[in-house]
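Trainee: Just dropping this structure here.
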Amino acid sequence: MPAPCDILLTCDVLMTQDPARSVIEDAAVAITGGVVTAVGPRVEMESSSAPKSRLDLGPCLVMPGLINAHTHVSMTLLRGLADDLPLMEWLTKNIFPVEQKLTPELVRLGALLGCAEMLRTGTTCFCDMYLMESAVAEAVHQAGIRARVGEVIFAFPSPAYPDLDGALDVARNLERRWKDDSRLRTAVMPHAVYTTNPALLERSFALAEELDVPLHMHLAESASETAQCLEQTGQRPVAYLNSLGLLGPRTLAAHCVDLTDGEIQLLADSGTCISHCPESNMKLASGFCPAQKLLDAGAKLGIGTDGACSNNNLNMFTEMGTTALVQKVHRMDPTVLCAQTVLDMATLGGAACLHWPELGSIQPGKVADLIALDLTRPNMLPMYNPASHAVYATNGGEVRLTMVEGEVLYQDGVYSRLDYPALLSEIQDAARWVRKQL
Ligand SMILES: [Zn+2]
């Protein structure tokens, strides 16, 4: 008896990212209730499945959706507002002053634009830290994409809260609001060592434990952060966090650029997860994250774009290419961070960093978060190794379809849940507001 399923998806090539890293030609994926129920050769699957609907994609490479392990999605509104400046000057003189005047509606609009960009370039899940994050969560819910979201917590007032108690309440309410949603999860997100204090960090971690959610923050992003931390605490950032009890599997640290060998081992041994953001690190001239050394030490790494002001896009395909290339030239060794390793970081690594083990591969029991790349594009021909193409040949424009939890959210230029022309016009209005703030 053929097994019933909601959708039978067929394609020329399926890159599963399963434990054997199986690639199946002329393949099919059966999906029911948003979950992958079977994967295999099309001919076998067609005789063993009784689908309610079919999605015949033809000359496409179907692969797991990419996971953006660190971003500030609403910063799309400020894309290109200020470039080519050092991190602290860029942040304190250009970004923070505009951000202090943002409204929930502007945050929601920027988030919708970011979700649209990510869906179009093959990202199905992201980890987001921003002000007024409840507005980001509303945008995520509208767009249908998947995300782990958190209110950024500073030691100074933000438009979302007057003080630390208020900030922790915002984090608690965000978790309460979304805890039963299958596509939204939360985290507690203190900003960085240089914008917080020990009590804030300890209370943030205690709340993360109480809610049983991850803690996410920027860490060891630049030498100037290290110098400032040494001056204020007598310790380097990683040692400082360790002394406060914040390192461990619950913690996802973004950047981790300025590290000693001992700190690399400490991050790995403690099980701390790391979001590697190479384009942001390059643009702000922060330095090189020792990604291969961290992997060799046993650390879990995902890849993030960071916000659209320090990148300036949310494109995980180009970020994967950069991840591989920059590490090779940093180490002067072309064998480090091979294509399969980088693809693993952007899929399974991201799933581990976001504490979302149902993501990252296409195999029975995992949720159906997947994308299809057009294999008829000149830059995709010929194809001997799909992982190589995903990392080195693809630019994101090849994405023909993006599916989250079995729902098609983007296909061939059309968003199923977003009114893109209306969004464009709202973004133009928001940009006029941003210009007036300068
Ligand atoms: Zn960031």
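Labels used: A, B, ... for chains in the order of the structure tokens, numbers from 1 for residues in each chain, and numbers from 1 for ligands as shown.
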Distance table requested - chain A against ligand 1, cut-off 10 Å, only C-alpha atoms and all ligand atoms: one row per qualifying residue with the closest atom pair and its distance in Å to one decimal, ordered by chain and rising residue number, as a tab-separated table.
Mentor:
```
residue	atom	partner	partner_atom_place_in_ligand_line	distance
A:His70	CA	ligand 1	1 (Zn)	6.4
A:Thr71	CA	ligand 1	1 (Zn)	5.7
A:His72	CA	ligand 1	1 (Zn)	6.4
A:Val73	CA	ligand 1	1 (Zn)	9.9
A:Asp128	CA	ligand 1	1 (Zn)	8.8
A:Met129	CA	ligand 1	1 (Zn)	7.5
A:Tyr130	CA	ligand 1	1 (Zn)	9.1
A:His191	CA	ligand 1	1 (Zn)	8.4
A:Ala192	CA	ligand 1	1 (Zn)	9.3
A:Met217	CA	ligand 1	1 (Zn)	8.1
A:His218	CA	ligand 1	1 (Zn)	6.3
A:Leu219	CA	ligand 1	1 (Zn)	9.5
A:Glu221	CA	ligand 1	1 (Zn)	9.2
A:Ala253	CA	ligand 1	1 (Zn)	9.9
A:Ala254	CA	ligand 1	1 (Zn)	6.8
A:His255	CA	ligand 1	1 (Zn)	8.0
A:Ser275	CA	ligand 1	1 (Zn)	9.6
A:Cys277	CA	ligand 1	1 (Zn)	8.4
A:Ser280	CA	ligand 1	1 (Zn)	8.4
A:Gly304	CA	ligand 1	1 (Zn)	8.7
A:Thr305	CA	ligand 1	1 (Zn)	8.4
A:Asp306	CA	ligand 1	1 (Zn)	4.8
A:Gly307	CA	ligand 1	1 (Zn)	6.0
A:Ala308	CA	ligand 1	1 (Zn)	9.7
A:Cys309	CA	ligand 1	1 (Zn)	9.8
A:Ser310	CA	ligand 1	1 (Zn)	8.5
```
Trainee: Could you pull the residues within 8 Å of stretch 341-351 of chain A, counting only C-alpha atoms, minus those fewer than 4 positions along the same chain, as a list in words?
Mentor: Gln17, Pro64, Gly65, Leu66, Ile67, Asn68, Ala69, Lys300, Leu301, Gly302, Ile303, Met316, Met320, Thr323, Ala324, Leu337, His355, Trp356, Pro357, Glu358, Leu359, Gly360, Ser361, Ala387, Ala390 and Val391 of chain A
Trainee: Pick the closest to A:Thr196 from A:Cys11, A:Ala208, A:Met380, A:Cys229: which is it, counting only C-alpha atoms?
Mentor: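 Closest candidate: A:Cys229.
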Trainee: In stretch 227-297 of chain A, what's strand (DSSP E) per DSSP? Answer as a PyMOL selection string?
Mentor: chain A and resi 251-255+273-276
Trainee: Could you check the closest approach to A:Phe126 for each of A:Glu210, A:Lys283, A:Leu184, A:Arg172 and tell me which residue wins, using only C-alpha atoms?
Mentor: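 Selected residue with least distance to A:Phe126: A:Leu184.
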Trainee: Name the residues in contact with A:Lys52 at a cut-off of 10 Å, using only C-alpha atoms, excluding same-chain residues fewer than 4 positions from it; report them as a list of chain:residue names.
Mentor: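 So the residues in contact are A:Pro4, A:Cys5, A:Asp6, A:Ile7, A:Leu8, A:Thr32.
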Trainee: Residues of the last selection are to be written out with N, CA and C atoms, as a JSON list (two decimals), in the first residue's frame.
Mentor:
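The resulting selection-v2.json:
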```json
[["chain", "number", "residue", "atom", "x", "y", "z"],
["A", 4, "PRO", "N", 0.38, 7.45, 2.44],
["A", 4, "PRO", "CA", -0.09, 8.81, 2.14],
["A", 4, "PRO", "C", 0.88, 9.88, 2.63],
["A", 5, "CYS", "N", 0.96, 10.99, 1.88],
["A", 5, "CYS", "CA", 1.76, 12.14, 2.34],
["A", 5, "CYS", "C", 1.10, 13.41, 1.81],
["A", 6, "ASP", "N", 1.43, 14.56, 2.43],
["A", 6, "ASP", "CA", 0.86, 15.83, 1.97],
["A", 6, "ASP", "C", 1.46, 16.24, 0.63],
["A", 7, "ILE", "N", 2.80, 16.20, 0.57],
["A", 7, "ILE", "CA", 3.51, 16.71, -0.62],
["A", 7, "ILE", "C", 4.57, 15.69, -1.03],
["A", 8, "LEU", "N", 4.66, 15.42, -2.32],
["A", 8, "LEU", "CA", 5.81, 14.69, -2.85],
["A", 8, "LEU", "C", 6.59, 15.66, -3.73],
["A", 32, "THR", "N", 4.84, 15.38, 5.31],
["A", 32, "THR", "CA", 3.49, 15.37, 5.91],
["A", 32, "THR", "C", 3.52, 16.18, 7.20]]
```
Trainee: Please list as a list in words every residue within 6 Å of A:Met403, counting only C-alpha atoms and excluding residues in the same chain fewer than 2 positions away.
Mentor: Asp369, Leu370, Gly406, Glu407, Val408 and Leu409 of chain A
Trainee: Excluding A:Arg79 and its own-chain neighbours fewer than 3 positions away, which residues fall within 10 Å of it when counting only C-alpha atoms? Please give them as a list in words.
Mentor: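 The contact residues come out as Ser74, Met75, Thr76, Ala82, Asp83, Gly110, Gly307, Ala308, Cys309, Ser310, Asn311, Asn312, Asn313 and Ala431 of chain A.
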Trainee: Do you know which residues are at most 12 Å from A:Gln437 counting only C-alpha atoms, after dropping those on the same chain fewer than 2 positions away, and could you put them as number ranges by chain?
Mentor: A: 78, 81, 94-102, 430-435
Trainee: For atom CA of A:Met383 and atom CA of A:Val29, quote the distance in Å rounded to one decimal.
Mentor: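 Interatomic distance here is 20.9 Å.
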Trainee: What does the structure give for the distance between atom CA of A:Cys256 and atom CA of A:Ala199, in Å to one decimal?
Mentor: 22.2 Å
Trainee: What is the distance, in Å and to one decimal place, between atom CA of A:Ala187 and atom CA of A:Gly365?
Mentor: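 According to the coordinates, atom CA of A:Ala187 and atom CA of A:Gly365 are separated by 24.6 Å.
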